[in-house]
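Everything below belongs to work.cif, which stores mmCIF, N, CA and C atoms.
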data_entry
#
loop_
_atom_site.label_atom_id
_atom_site.label_comp_id
_atom_site.auth_asym_id
_atom_site.auth_seq_id
_atom_site.Cartn_x
_atom_site.Cartn_y
_atom_site.Cartn_z
N MET A 1 -4.60 -12.87 12.35
CA MET A 1 -4.33 -11.47 12.53
C MET A 1 -2.94 -11.19 11.96
N ARG A 2 -2.87 -10.17 11.14
CA ARG A 2 -1.60 -9.82 10.51
C ARG A 2 -1.23 -8.38 10.91
N VAL A 3 0.04 -8.22 11.33
CA VAL A 3 0.57 -6.90 11.65
C VAL A 3 1.62 -6.58 10.59
N PHE A 4 1.40 -5.48 9.88
CA PHE A 4 2.27 -5.10 8.78
C PHE A 4 3.46 -4.27 9.29
N LYS A 5 4.43 -4.09 8.42
CA LYS A 5 5.66 -3.35 8.76
C LYS A 5 5.30 -1.97 9.33
N PRO A 6 5.90 -1.60 10.46
CA PRO A 6 5.56 -0.32 11.07
C PRO A 6 6.21 0.87 10.36
N GLU A 7 5.62 2.03 10.59
CA GLU A 7 6.12 3.28 10.04
C GLU A 7 6.36 4.25 11.20
N ILE A 8 7.52 4.90 11.18
CA ILE A 8 7.86 5.87 12.22
C ILE A 8 7.84 7.26 11.59
N VAL A 9 7.06 8.17 12.20
CA VAL A 9 6.92 9.53 11.68
C VAL A 9 7.07 10.52 12.82
N GLN A 10 7.89 11.54 12.59
CA GLN A 10 7.99 12.62 13.58
C GLN A 10 6.99 13.70 13.19
N ASP A 11 6.17 14.10 14.15
CA ASP A 11 5.13 15.09 13.93
C ASP A 11 5.24 16.17 15.01
N GLY A 12 5.95 17.24 14.68
CA GLY A 12 6.14 18.32 15.64
C GLY A 12 6.94 17.86 16.83
N ASP A 13 6.35 17.92 18.02
CA ASP A 13 7.06 17.54 19.23
C ASP A 13 6.77 16.11 19.66
N GLU A 14 6.27 15.30 18.71
CA GLU A 14 6.00 13.89 18.98
C GLU A 14 6.55 13.00 17.87
N VAL A 15 6.78 11.75 18.23
CA VAL A 15 7.14 10.73 17.25
C VAL A 15 6.08 9.63 17.37
N CYS A 16 5.61 9.16 16.24
CA CYS A 16 4.55 8.15 16.23
C CYS A 16 5.04 6.93 15.46
N ILE A 17 4.85 5.77 16.04
CA ILE A 17 5.10 4.52 15.33
C ILE A 17 3.74 3.84 15.17
N SER A 18 3.43 3.47 13.93
CA SER A 18 2.12 2.87 13.66
C SER A 18 2.29 1.68 12.72
N ALA A 19 1.35 0.77 12.79
CA ALA A 19 1.34 -0.38 11.90
C ALA A 19 -0.11 -0.72 11.57
N ARG A 20 -0.31 -1.09 10.34
CA ARG A 20 -1.63 -1.54 9.90
C ARG A 20 -1.85 -2.95 10.44
N VAL A 21 -3.08 -3.22 10.86
CA VAL A 21 -3.44 -4.52 11.44
C VAL A 21 -4.68 -5.03 10.73
N SER A 22 -4.62 -6.27 10.25
CA SER A 22 -5.82 -6.87 9.64
C SER A 22 -6.24 -8.05 10.50
N VAL A 23 -7.55 -8.11 10.73
CA VAL A 23 -8.13 -9.18 11.55
C VAL A 23 -8.99 -10.03 10.63
N ASP A 24 -8.80 -11.34 10.69
CA ASP A 24 -9.54 -12.25 9.82
C ASP A 24 -10.96 -12.49 10.31
N SER A 25 -11.16 -12.40 11.60
CA SER A 25 -12.46 -12.72 12.18
C SER A 25 -13.53 -11.73 11.74
N ALA A 26 -14.64 -12.26 11.26
CA ALA A 26 -15.74 -11.41 10.81
C ALA A 26 -16.64 -11.01 11.97
N ARG A 27 -16.40 -11.58 13.16
CA ARG A 27 -17.31 -11.32 14.27
C ARG A 27 -16.98 -10.03 15.03
N THR A 28 -15.96 -9.33 14.61
CA THR A 28 -15.59 -8.10 15.32
C THR A 28 -15.15 -7.03 14.34
N LYS A 29 -15.44 -5.79 14.67
CA LYS A 29 -15.02 -4.65 13.85
C LYS A 29 -14.00 -3.87 14.67
N LEU A 30 -12.80 -3.81 14.17
CA LEU A 30 -11.71 -3.14 14.88
C LEU A 30 -11.06 -2.11 13.97
N PRO A 31 -10.42 -1.10 14.57
CA PRO A 31 -9.65 -0.16 13.74
C PRO A 31 -8.56 -0.90 12.98
N GLY A 32 -8.17 -0.39 11.84
CA GLY A 32 -7.18 -1.05 11.00
C GLY A 32 -5.75 -0.65 11.29
N GLU A 33 -5.53 0.10 12.36
CA GLU A 33 -4.18 0.58 12.67
C GLU A 33 -4.00 0.65 14.18
N LEU A 34 -2.80 0.30 14.62
CA LEU A 34 -2.40 0.46 16.01
C LEU A 34 -1.22 1.40 16.03
N TRP A 35 -1.21 2.35 16.97
CA TRP A 35 -0.11 3.31 17.01
C TRP A 35 0.28 3.62 18.44
N PHE A 36 1.52 4.08 18.58
CA PHE A 36 2.06 4.53 19.86
C PHE A 36 2.70 5.90 19.62
N ARG A 37 2.47 6.86 20.52
CA ARG A 37 3.07 8.20 20.42
C ARG A 37 3.99 8.45 21.61
N PHE A 38 5.10 9.12 21.31
CA PHE A 38 6.09 9.45 22.34
C PHE A 38 6.57 10.87 22.12
N PRO A 39 7.12 11.50 23.14
CA PRO A 39 7.75 12.80 22.93
C PRO A 39 8.90 12.67 21.92
N ALA A 40 9.12 13.70 21.13
CA ALA A 40 10.14 13.65 20.07
C ALA A 40 11.53 13.36 20.63
N ASN A 41 11.80 13.78 21.86
CA ASN A 41 13.13 13.53 22.42
C ASN A 41 13.36 12.05 22.75
N CYS A 42 12.36 11.21 22.56
CA CYS A 42 12.50 9.77 22.77
C CYS A 42 12.73 9.01 21.47
N GLN A 43 12.85 9.73 20.35
CA GLN A 43 12.93 9.07 19.04
C GLN A 43 14.08 8.07 18.95
N ALA A 44 15.19 8.35 19.60
CA ALA A 44 16.33 7.43 19.54
C ALA A 44 16.00 6.07 20.15
N HIS A 45 14.97 6.01 20.98
CA HIS A 45 14.59 4.77 21.65
C HIS A 45 13.44 4.05 20.95
N VAL A 46 12.89 4.65 19.91
CA VAL A 46 11.78 4.03 19.18
C VAL A 46 12.36 3.12 18.11
N SER A 47 11.96 1.87 18.15
CA SER A 47 12.51 0.86 17.24
C SER A 47 11.45 0.44 16.23
N SER A 48 11.89 0.03 15.06
CA SER A 48 10.96 -0.41 14.03
C SER A 48 10.61 -1.90 14.15
N ASP A 49 11.02 -2.55 15.26
CA ASP A 49 10.63 -3.94 15.43
C ASP A 49 9.16 -3.99 15.85
N LEU A 50 8.61 -5.16 15.92
CA LEU A 50 7.19 -5.33 16.23
C LEU A 50 6.93 -5.82 17.65
N ASN A 51 7.90 -5.69 18.54
CA ASN A 51 7.73 -6.17 19.91
C ASN A 51 6.50 -5.58 20.60
N GLY A 52 6.38 -4.26 20.59
CA GLY A 52 5.26 -3.61 21.27
C GLY A 52 3.92 -3.99 20.66
N PHE A 53 3.87 -4.09 19.36
CA PHE A 53 2.64 -4.46 18.67
C PHE A 53 2.25 -5.90 19.01
N ALA A 54 3.24 -6.79 19.04
CA ALA A 54 2.97 -8.20 19.34
C ALA A 54 2.40 -8.35 20.75
N VAL A 55 2.99 -7.65 21.71
CA VAL A 55 2.53 -7.73 23.09
C VAL A 55 1.12 -7.17 23.22
N ALA A 56 0.86 -6.03 22.58
CA ALA A 56 -0.45 -5.40 22.68
C ALA A 56 -1.55 -6.24 22.04
N LEU A 57 -1.23 -6.96 20.98
CA LEU A 57 -2.25 -7.68 20.23
C LEU A 57 -2.39 -9.16 20.59
N LEU A 58 -1.45 -9.71 21.35
CA LEU A 58 -1.52 -11.13 21.69
C LEU A 58 -2.82 -11.53 22.39
N PRO A 59 -3.26 -10.82 23.44
CA PRO A 59 -4.52 -11.24 24.08
C PRO A 59 -5.72 -11.21 23.13
N LEU A 60 -5.78 -10.22 22.25
CA LEU A 60 -6.87 -10.15 21.29
C LEU A 60 -6.80 -11.32 20.31
N ALA A 61 -5.61 -11.61 19.81
CA ALA A 61 -5.44 -12.73 18.88
C ALA A 61 -5.84 -14.04 19.54
N MET A 62 -5.49 -14.22 20.81
CA MET A 62 -5.87 -15.43 21.53
C MET A 62 -7.38 -15.50 21.74
N THR A 63 -8.00 -14.37 22.02
CA THR A 63 -9.45 -14.32 22.20
C THR A 63 -10.18 -14.67 20.91
N LEU A 64 -9.65 -14.16 19.78
CA LEU A 64 -10.26 -14.43 18.48
C LEU A 64 -9.82 -15.77 17.89
N ALA A 65 -8.85 -16.43 18.54
CA ALA A 65 -8.27 -17.70 18.07
C ALA A 65 -7.67 -17.54 16.68
N GLU A 66 -6.96 -16.41 16.46
CA GLU A 66 -6.29 -16.14 15.19
C GLU A 66 -4.78 -16.14 15.40
N ASP A 67 -4.05 -16.83 14.52
CA ASP A 67 -2.59 -16.78 14.56
C ASP A 67 -2.13 -15.34 14.40
N LEU A 68 -1.01 -15.02 15.03
CA LEU A 68 -0.45 -13.67 14.96
C LEU A 68 0.72 -13.69 13.97
N ILE A 69 0.50 -13.09 12.81
CA ILE A 69 1.52 -13.05 11.75
C ILE A 69 2.14 -11.66 11.77
N LEU A 70 3.43 -11.60 11.97
CA LEU A 70 4.13 -10.33 12.15
C LEU A 70 5.10 -10.09 11.00
N GLU A 71 4.86 -9.04 10.23
CA GLU A 71 5.72 -8.72 9.09
C GLU A 71 6.86 -7.83 9.54
N GLY A 72 7.75 -8.41 10.30
CA GLY A 72 8.90 -7.69 10.83
C GLY A 72 9.58 -8.52 11.89
N ALA A 73 10.47 -7.88 12.62
CA ALA A 73 11.30 -8.58 13.61
C ALA A 73 10.68 -8.54 15.00
N VAL A 74 10.94 -9.63 15.75
CA VAL A 74 10.53 -9.75 17.14
C VAL A 74 11.70 -10.33 17.91
N SER A 75 11.83 -9.93 19.16
CA SER A 75 12.89 -10.46 20.02
C SER A 75 12.64 -11.94 20.31
N PRO A 76 13.68 -12.78 20.19
CA PRO A 76 13.50 -14.21 20.50
C PRO A 76 13.12 -14.42 21.97
N ARG A 77 13.66 -13.61 22.84
CA ARG A 77 13.33 -13.71 24.27
C ARG A 77 11.86 -13.36 24.51
N LEU A 78 11.39 -12.31 23.83
CA LEU A 78 9.99 -11.94 23.94
C LEU A 78 9.09 -13.03 23.38
N LEU A 79 9.46 -13.60 22.25
CA LEU A 79 8.67 -14.66 21.64
C LEU A 79 8.52 -15.83 22.61
N TRP A 80 9.60 -16.22 23.26
CA TRP A 80 9.54 -17.29 24.25
C TRP A 80 8.59 -16.90 25.39
N GLY A 81 8.69 -15.66 25.88
CA GLY A 81 7.82 -15.20 26.95
C GLY A 81 6.35 -15.18 26.55
N MET A 82 6.09 -14.83 25.30
CA MET A 82 4.72 -14.82 24.81
C MET A 82 4.14 -16.23 24.73
N MET A 83 4.98 -17.20 24.40
CA MET A 83 4.53 -18.59 24.38
C MET A 83 4.19 -19.07 25.80
N GLU A 84 5.02 -18.67 26.76
CA GLU A 84 4.75 -19.01 28.16
C GLU A 84 3.48 -18.32 28.65
N TYR A 85 3.29 -17.06 28.27
CA TYR A 85 2.09 -16.31 28.63
C TYR A 85 0.85 -17.04 28.12
N GLN A 86 0.91 -17.50 26.88
CA GLN A 86 -0.22 -18.25 26.32
C GLN A 86 -0.52 -19.51 27.13
N ARG A 87 0.52 -20.22 27.47
CA ARG A 87 0.34 -21.46 28.22
C ARG A 87 -0.40 -21.19 29.52
N VAL A 88 0.01 -20.15 30.24
CA VAL A 88 -0.60 -19.81 31.53
C VAL A 88 -2.04 -19.33 31.33
N GLN A 89 -2.25 -18.41 30.39
CA GLN A 89 -3.59 -17.86 30.18
C GLN A 89 -4.58 -18.93 29.72
N CYS A 90 -4.12 -19.82 28.87
CA CYS A 90 -5.01 -20.88 28.39
C CYS A 90 -5.36 -21.87 29.50
N ALA A 91 -4.44 -22.07 30.45
CA ALA A 91 -4.72 -22.94 31.59
C ALA A 91 -5.68 -22.26 32.56
N TRP A 92 -5.51 -20.97 32.78
CA TRP A 92 -6.35 -20.24 33.72
C TRP A 92 -7.75 -19.96 33.17
N LYS A 93 -7.82 -19.60 31.91
CA LYS A 93 -9.09 -19.18 31.31
C LYS A 93 -9.29 -19.84 29.94
N PRO A 94 -9.49 -21.15 29.94
CA PRO A 94 -9.58 -21.87 28.66
C PRO A 94 -10.79 -21.47 27.80
N THR A 95 -11.82 -20.93 28.40
CA THR A 95 -12.97 -20.50 27.60
C THR A 95 -12.75 -19.13 26.97
N ASN A 96 -11.83 -18.33 27.53
CA ASN A 96 -11.56 -16.99 27.00
C ASN A 96 -10.43 -16.97 25.99
N PHE A 97 -9.41 -17.81 26.19
CA PHE A 97 -8.20 -17.76 25.37
C PHE A 97 -7.93 -19.11 24.71
N LYS A 98 -7.49 -19.05 23.47
CA LYS A 98 -7.09 -20.24 22.73
C LYS A 98 -5.62 -20.10 22.35
N PRO A 99 -4.85 -21.20 22.38
CA PRO A 99 -3.44 -21.12 21.96
C PRO A 99 -3.35 -20.82 20.47
N ILE A 100 -2.43 -19.95 20.12
CA ILE A 100 -2.25 -19.57 18.72
C ILE A 100 -0.78 -19.69 18.34
N SER A 101 -0.51 -19.60 17.07
CA SER A 101 0.85 -19.57 16.55
C SER A 101 1.28 -18.12 16.39
N ILE A 102 2.50 -17.81 16.78
CA ILE A 102 3.07 -16.47 16.59
C ILE A 102 4.17 -16.61 15.56
N ARG A 103 4.00 -15.93 14.41
CA ARG A 103 4.92 -16.14 13.29
C ARG A 103 5.52 -14.82 12.83
N PRO A 104 6.67 -14.43 13.40
CA PRO A 104 7.35 -13.23 12.90
C PRO A 104 8.15 -13.57 11.63
N ASP A 105 8.42 -12.53 10.82
CA ASP A 105 9.28 -12.72 9.64
C ASP A 105 10.68 -13.14 10.05
N ARG A 106 11.14 -12.56 11.14
CA ARG A 106 12.49 -12.88 11.61
C ARG A 106 12.62 -12.58 13.09
N LEU A 107 13.65 -13.15 13.69
CA LEU A 107 13.96 -12.88 15.09
C LEU A 107 15.14 -11.92 15.14
N GLN A 108 15.09 -10.99 16.05
CA GLN A 108 16.17 -10.01 16.17
C GLN A 108 16.31 -9.66 17.64
N ALA A 109 17.49 -9.89 18.18
CA ALA A 109 17.74 -9.56 19.58
C ALA A 109 17.63 -8.05 19.79
N ALA A 110 17.20 -7.68 20.98
CA ALA A 110 17.04 -6.27 21.31
C ALA A 110 18.39 -5.55 21.28
N ARG A 111 18.33 -4.27 20.94
CA ARG A 111 19.54 -3.46 20.96
C ARG A 111 20.03 -3.33 22.39
N SER A 112 21.33 -3.40 22.57
CA SER A 112 21.84 -3.21 23.93
C SER A 112 22.08 -1.72 24.15
N GLY A 113 21.68 -1.28 25.29
CA GLY A 113 21.84 0.13 25.64
C GLY A 113 23.12 0.33 26.42
N PRO A 114 23.36 1.55 26.87
CA PRO A 114 24.55 1.80 27.66
C PRO A 114 24.46 1.05 28.98
N SER A 115 25.61 0.56 29.43
CA SER A 115 25.61 -0.17 30.69
C SER A 115 25.40 0.81 31.83
N GLY A 116 24.63 0.37 32.80
CA GLY A 116 24.29 1.24 33.93
C GLY A 116 25.41 1.30 34.94
N SER A 117 25.48 2.42 35.61
CA SER A 117 26.45 2.56 36.68
C SER A 117 25.75 3.03 37.94
N GLY A 118 24.41 3.03 37.94
CA GLY A 118 23.64 3.49 39.08
C GLY A 118 23.42 2.38 40.09
N VAL A 119 22.75 2.73 41.15
CA VAL A 119 22.45 1.80 42.22
C VAL A 119 20.94 1.77 42.38
N GLY A 120 20.38 0.57 42.54
CA GLY A 120 18.94 0.43 42.77
C GLY A 120 18.65 0.13 44.23
N CYS A 121 17.53 0.61 44.71
CA CYS A 121 17.14 0.39 46.09
C CYS A 121 15.63 0.24 46.11
N SER A 122 15.13 -0.69 46.92
CA SER A 122 13.69 -0.87 47.02
C SER A 122 13.30 -1.22 48.44
N PHE A 123 12.01 -1.14 48.71
CA PHE A 123 11.47 -1.48 50.02
C PHE A 123 10.25 -2.36 49.80
N SER A 124 10.25 -3.57 50.32
CA SER A 124 9.16 -4.51 50.06
C SER A 124 8.09 -4.50 51.16
N ALA A 125 8.33 -3.83 52.25
CA ALA A 125 7.39 -3.80 53.38
C ALA A 125 7.07 -5.21 53.88
N GLY A 126 8.01 -6.12 53.76
CA GLY A 126 7.85 -7.48 54.26
C GLY A 126 7.15 -8.43 53.31
N VAL A 127 6.86 -8.00 52.08
CA VAL A 127 6.18 -8.86 51.13
C VAL A 127 7.06 -10.04 50.73
N ASP A 128 8.36 -9.83 50.69
CA ASP A 128 9.26 -10.91 50.29
C ASP A 128 9.39 -11.89 51.43
#
Conversion result in structure tokens:
Amino acid sequence: MRVFKPEIVQDGDEVCISARVSVDSARTKLPGELWFRFPANCQAHVSSDLNGFAVALLPLAMTLAEDLILEGAVSPRLLWGMMEYQRVQCAWKPTNFKPISIRPDRLQAARSGPSGSGVGCSFSAGVD
């Protein structure tokens, strides 16, 4: 499975990031493009990396037993997490998922955002 370089387009009050996807497996017919839409005021947070595409397509690639080839950047931390995800899924459901290779063009750490100054609070209802 190959994910090509994404394209970001603003369309009225929305921004869309899309990438062409090719699947090698002849046993399935899938759309040739994956896209995500956001409100236009979120455009500053839309990145041209392939993190979202990689996460969305990993289970399908594992099901089809196709390596995931990414023509763009992926976070090294995400890549490590995806390898761990594969290990767990393949142990739990070995008939459904096969281990695959994830091959991005390059690794790129996520952009750092503004440091927070807020306070978080939660209630676990005794679950912890």
DSSP on the backbone, strand (DSSP E or B) only: what residues of chain A does that give? Format it as an mmCIF file with N, CA and C atoms, in the frame of the given file.
data_model
loop_
_atom_site.group_PDB
_atom_site.id
_atom_site.type_symbol
_atom_site.label_atom_id
_atom_site.label_comp_id
_atom_site.auth_asym_id
_atom_site.auth_seq_id
_atom_site.Cartn_x
_atom_site.Cartn_y
_atom_site.Cartn_z
ATOM 1 N N ARG A 2 -2.870 -10.170 11.140
ATOM 2 C CA ARG A 2 -1.600 -9.820 10.510
ATOM 3 C C ARG A 2 -1.230 -8.380 10.910
ATOM 4 N N VAL A 3 0.040 -8.220 11.330
ATOM 5 C CA VAL A 3 0.570 -6.900 11.650
ATOM 6 C C VAL A 3 1.620 -6.580 10.590
ATOM 7 N N GLU A 7 5.620 2.030 10.590
ATOM 8 C CA GLU A 7 6.120 3.280 10.040
ATOM 9 C C GLU A 7 6.360 4.250 11.200
ATOM 10 N N ILE A 8 7.520 4.900 11.180
ATOM 11 C CA ILE A 8 7.860 5.870 12.220
ATOM 12 C C ILE A 8 7.840 7.260 11.590
ATOM 13 N N VAL A 9 7.060 8.170 12.200
ATOM 14 C CA VAL A 9 6.920 9.530 11.680
ATOM 15 C C VAL A 9 7.070 10.520 12.820
ATOM 16 N N GLN A 10 7.890 11.540 12.590
ATOM 17 C CA GLN A 10 7.990 12.620 13.580
ATOM 18 C C GLN A 10 6.990 13.700 13.190
ATOM 19 N N ASP A 11 6.170 14.100 14.150
ATOM 20 C CA ASP A 11 5.130 15.090 13.930
ATOM 21 C C ASP A 11 5.240 16.170 15.010
ATOM 22 N N GLU A 14 6.270 15.300 18.710
ATOM 23 C CA GLU A 14 6.000 13.890 18.980
ATOM 24 C C GLU A 14 6.550 13.000 17.870
ATOM 25 N N VAL A 15 6.780 11.750 18.230
ATOM 26 C CA VAL A 15 7.140 10.730 17.250
ATOM 27 C C VAL A 15 6.080 9.630 17.370
ATOM 28 N N CYS A 16 5.610 9.160 16.240
ATOM 29 C CA CYS A 16 4.550 8.150 16.230
ATOM 30 C C CYS A 16 5.040 6.930 15.460
ATOM 31 N N ILE A 17 4.850 5.770 16.040
ATOM 32 C CA ILE A 17 5.100 4.520 15.330
ATOM 33 C C ILE A 17 3.740 3.840 15.170
ATOM 34 N N SER A 18 3.430 3.470 13.930
ATOM 35 C CA SER A 18 2.120 2.870 13.660
ATOM 36 C C SER A 18 2.290 1.680 12.720
ATOM 37 N N ALA A 19 1.350 0.770 12.790
ATOM 38 C CA ALA A 19 1.340 -0.380 11.900
ATOM 39 C C ALA A 19 -0.110 -0.720 11.570
ATOM 40 N N ARG A 20 -0.310 -1.090 10.340
ATOM 41 C CA ARG A 20 -1.630 -1.540 9.900
ATOM 42 C C ARG A 20 -1.850 -2.950 10.440
ATOM 43 N N VAL A 21 -3.080 -3.220 10.860
ATOM 44 C CA VAL A 21 -3.440 -4.520 11.440
ATOM 45 C C VAL A 21 -4.680 -5.030 10.730
ATOM 46 N N SER A 22 -4.620 -6.270 10.250
ATOM 47 C CA SER A 22 -5.820 -6.870 9.640
ATOM 48 C C SER A 22 -6.240 -8.050 10.500
ATOM 49 N N GLU A 33 -5.530 0.100 12.360
ATOM 50 C CA GLU A 33 -4.180 0.580 12.670
ATOM 51 C C GLU A 33 -4.000 0.650 14.180
ATOM 52 N N LEU A 34 -2.800 0.300 14.620
ATOM 53 C CA LEU A 34 -2.400 0.460 16.010
ATOM 54 C C LEU A 34 -1.220 1.400 16.030
ATOM 55 N N TRP A 35 -1.210 2.350 16.970
ATOM 56 C CA TRP A 35 -0.110 3.310 17.010
ATOM 57 C C TRP A 35 0.280 3.620 18.440
ATOM 58 N N PHE A 36 1.520 4.080 18.580
ATOM 59 C CA PHE A 36 2.060 4.530 19.860
ATOM 60 C C PHE A 36 2.700 5.900 19.620
ATOM 61 N N ARG A 37 2.470 6.860 20.520
ATOM 62 C CA ARG A 37 3.070 8.200 20.420
ATOM 63 C C ARG A 37 3.990 8.450 21.610
ATOM 64 N N PHE A 38 5.100 9.120 21.310
ATOM 65 C CA PHE A 38 6.090 9.450 22.340
ATOM 66 C C PHE A 38 6.570 10.870 22.120
ATOM 67 N N PRO A 39 7.120 11.500 23.140
ATOM 68 C CA PRO A 39 7.750 12.800 22.930
ATOM 69 C C PRO A 39 8.900 12.670 21.920
ATOM 70 N N LEU A 68 -1.010 -15.020 15.030
ATOM 71 C CA LEU A 68 -0.450 -13.670 14.960
ATOM 72 C C LEU A 68 0.720 -13.690 13.970
ATOM 73 N N ILE A 69 0.500 -13.090 12.810
ATOM 74 C CA ILE A 69 1.520 -13.050 11.750
ATOM 75 C C ILE A 69 2.140 -11.660 11.770
ATOM 76 N N LEU A 70 3.430 -11.600 11.970
ATOM 77 C CA LEU A 70 4.130 -10.330 12.150
ATOM 78 C C LEU A 70 5.100 -10.090 11.000
ATOM 79 N N GLU A 71 4.860 -9.040 10.230
ATOM 80 C CA GLU A 71 5.720 -8.720 9.090
ATOM 81 C C GLU A 71 6.860 -7.830 9.540
ATOM 82 N N GLY A 72 7.750 -8.410 10.300
ATOM 83 C CA GLY A 72 8.900 -7.690 10.830
ATOM 84 C C GLY A 72 9.580 -8.520 11.890
ATOM 85 N N ALA A 73 10.470 -7.880 12.620
ATOM 86 C CA ALA A 73 11.300 -8.580 13.610
ATOM 87 C C ALA A 73 10.680 -8.540 15.000
ATOM 88 N N VAL A 74 10.940 -9.630 15.750
ATOM 89 C CA VAL A 74 10.530 -9.750 17.140
ATOM 90 C C VAL A 74 11.700 -10.330 17.910
ATOM 91 N N ILE A 102 2.500 -17.810 16.780
ATOM 92 C CA ILE A 102 3.070 -16.470 16.590
ATOM 93 C C ILE A 102 4.170 -16.610 15.560
ATOM 94 N N ARG A 103 4.000 -15.930 14.410
ATOM 95 C CA ARG A 103 4.920 -16.140 13.290
ATOM 96 C C ARG A 103 5.520 -14.820 12.830
ATOM 97 N N PRO A 104 6.670 -14.430 13.400
ATOM 98 C CA PRO A 104 7.350 -13.230 12.900
ATOM 99 C C PRO A 104 8.150 -13.570 11.630
ATOM 100 N N ASP A 105 8.420 -12.530 10.820
ATOM 101 C CA ASP A 105 9.280 -12.720 9.640
ATOM 102 C C ASP A 105 10.680 -13.140 10.050
ATOM 103 N N ARG A 106 11.140 -12.560 11.140
ATOM 104 C CA ARG A 106 12.490 -12.880 11.610
ATOM 105 C C ARG A 106 12.620 -12.580 13.090
ATOM 106 N N LEU A 107 13.650 -13.150 13.690
ATOM 107 C CA LEU A 107 13.960 -12.880 15.090
ATOM 108 C C LEU A 107 15.140 -11.920 15.140
#
Mind checking DSSP for range 2-126 of chain A and telling me the alpha helix (DSSP H) residues as a compact mmCIF listing (two decimals) with N, CA and C atoms, keeping the file's coordinate frame?
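This is the output file states33.txt:
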# COMPACT_ATOMS: atom_id res chain seq x y z
N ASN A 51 7.90 -5.69 18.54
CA ASN A 51 7.73 -6.17 19.91
C ASN A 51 6.50 -5.58 20.60
N GLY A 52 6.38 -4.26 20.59
CA GLY A 52 5.26 -3.61 21.27
C GLY A 52 3.92 -3.99 20.66
N PHE A 53 3.87 -4.09 19.36
CA PHE A 53 2.64 -4.46 18.67
C PHE A 53 2.25 -5.90 19.01
N ALA A 54 3.24 -6.79 19.04
CA ALA A 54 2.97 -8.20 19.34
C ALA A 54 2.40 -8.35 20.75
N VAL A 55 2.99 -7.65 21.71
CA VAL A 55 2.53 -7.73 23.09
C VAL A 55 1.12 -7.17 23.22
N ALA A 56 0.86 -6.03 22.58
CA ALA A 56 -0.45 -5.40 22.68
C ALA A 56 -1.55 -6.24 22.04
N LEU A 57 -1.23 -6.96 20.98
CA LEU A 57 -2.25 -7.68 20.23
C LEU A 57 -2.39 -9.16 20.59
N LEU A 58 -1.45 -9.71 21.35
CA LEU A 58 -1.52 -11.13 21.69
C LEU A 58 -2.82 -11.53 22.39
N PRO A 59 -3.26 -10.82 23.44
CA PRO A 59 -4.52 -11.24 24.08
C PRO A 59 -5.72 -11.21 23.13
N LEU A 60 -5.78 -10.22 22.25
CA LEU A 60 -6.87 -10.15 21.29
C LEU A 60 -6.80 -11.32 20.31
N ALA A 61 -5.61 -11.61 19.81
CA ALA A 61 -5.44 -12.73 18.88
C ALA A 61 -5.84 -14.04 19.54
N MET A 62 -5.49 -14.22 20.81
CA MET A 62 -5.87 -15.43 21.53
C MET A 62 -7.38 -15.50 21.74
N THR A 63 -8.00 -14.37 22.02
CA THR A 63 -9.45 -14.32 22.20
C THR A 63 -10.18 -14.67 20.91
N LEU A 64 -9.65 -14.16 19.78
CA LEU A 64 -10.26 -14.43 18.48
C LEU A 64 -9.82 -15.77 17.89
N PRO A 76 13.68 -12.78 20.19
CA PRO A 76 13.50 -14.21 20.50
C PRO A 76 13.12 -14.42 21.97
N ARG A 77 13.66 -13.61 22.84
CA ARG A 77 13.33 -13.71 24.27
C ARG A 77 11.86 -13.36 24.51
N LEU A 78 11.39 -12.31 23.83
CA LEU A 78 9.99 -11.94 23.94
C LEU A 78 9.09 -13.03 23.38
N LEU A 79 9.46 -13.60 22.25
CA LEU A 79 8.67 -14.66 21.64
C LEU A 79 8.52 -15.83 22.61
N TRP A 80 9.60 -16.22 23.26
CA TRP A 80 9.54 -17.29 24.25
C TRP A 80 8.59 -16.90 25.39
N GLY A 81 8.69 -15.66 25.88
CA GLY A 81 7.82 -15.20 26.95
C GLY A 81 6.35 -15.18 26.55
N MET A 82 6.09 -14.83 25.30
CA MET A 82 4.72 -14.82 24.81
C MET A 82 4.14 -16.23 24.73
N MET A 83 4.98 -17.20 24.40
CA MET A 83 4.53 -18.59 24.38
C MET A 83 4.19 -19.07 25.80
N GLU A 84 5.02 -18.67 26.76
CA GLU A 84 4.75 -19.01 28.16
C GLU A 84 3.48 -18.32 28.65
N TYR A 85 3.29 -17.06 28.27
CA TYR A 85 2.09 -16.31 28.63
C TYR A 85 0.85 -17.04 28.12
N GLN A 86 0.91 -17.50 26.88
CA GLN A 86 -0.22 -18.25 26.32
C GLN A 86 -0.52 -19.51 27.13
N ARG A 87 0.52 -20.22 27.47
CA ARG A 87 0.34 -21.46 28.22
C ARG A 87 -0.40 -21.19 29.52
N VAL A 88 0.01 -20.15 30.24
CA VAL A 88 -0.60 -19.81 31.53
C VAL A 88 -2.04 -19.33 31.33
N GLN A 89 -2.25 -18.41 30.39
CA GLN A 89 -3.59 -17.86 30.18
C GLN A 89 -4.58 -18.93 29.72
N CYS A 90 -4.12 -19.82 28.87
CA CYS A 90 -5.01 -20.88 28.39
C CYS A 90 -5.36 -21.87 29.50
N ALA A 91 -4.44 -22.07 30.45
CA ALA A 91 -4.72 -22.94 31.59
C ALA A 91 -5.68 -22.26 32.56
N TRP A 92 -5.51 -20.97 32.78
CA TRP A 92 -6.35 -20.24 33.72
C TRP A 92 -7.75 -19.96 33.17
12 Å contact set for Arg87 in chain A, only C-alpha atoms, chain neighbours under 3 positions out, as a PyMOL selection string: chain A and resi 62+80-84+90-94+97-101
With only C-alpha atoms as the basis for distance, which of A:Ser75, A:Ser124, A:Ser18, A:Thr63 is at the shortest distance from Met1 in chain A? A:Thr63
When you look at Val15 in chain A with a cut-off of 7 Å (counting all atoms listed in the file), what residues show up, excluding the ones that are within fewer than 5 positions of it in the same chain? I need them as a list in words.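 What passes the distance filter is Ile8, Val9, Gln10, Phe36, Arg37, Phe38, Pro39, Ala40, Asn41 and Gln43 of chain A.
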Record the distance separating CA of Ala61 in chain A and CA of Ala19 in chain A, expressed in Å with one decimal. 15.7 Å
Box time for range 71-77 of chain A: axis-aligned, enclosing all its listed atoms, 8 Å extra on each side; report centre and edge lengths in Å to one decimal, as AutoDock Vina command-line options.
--center_x 9.3 --center_y -11.1 --center_z 16.8 --size_x 24.8 --size_y 22.7 --size_z 31.4
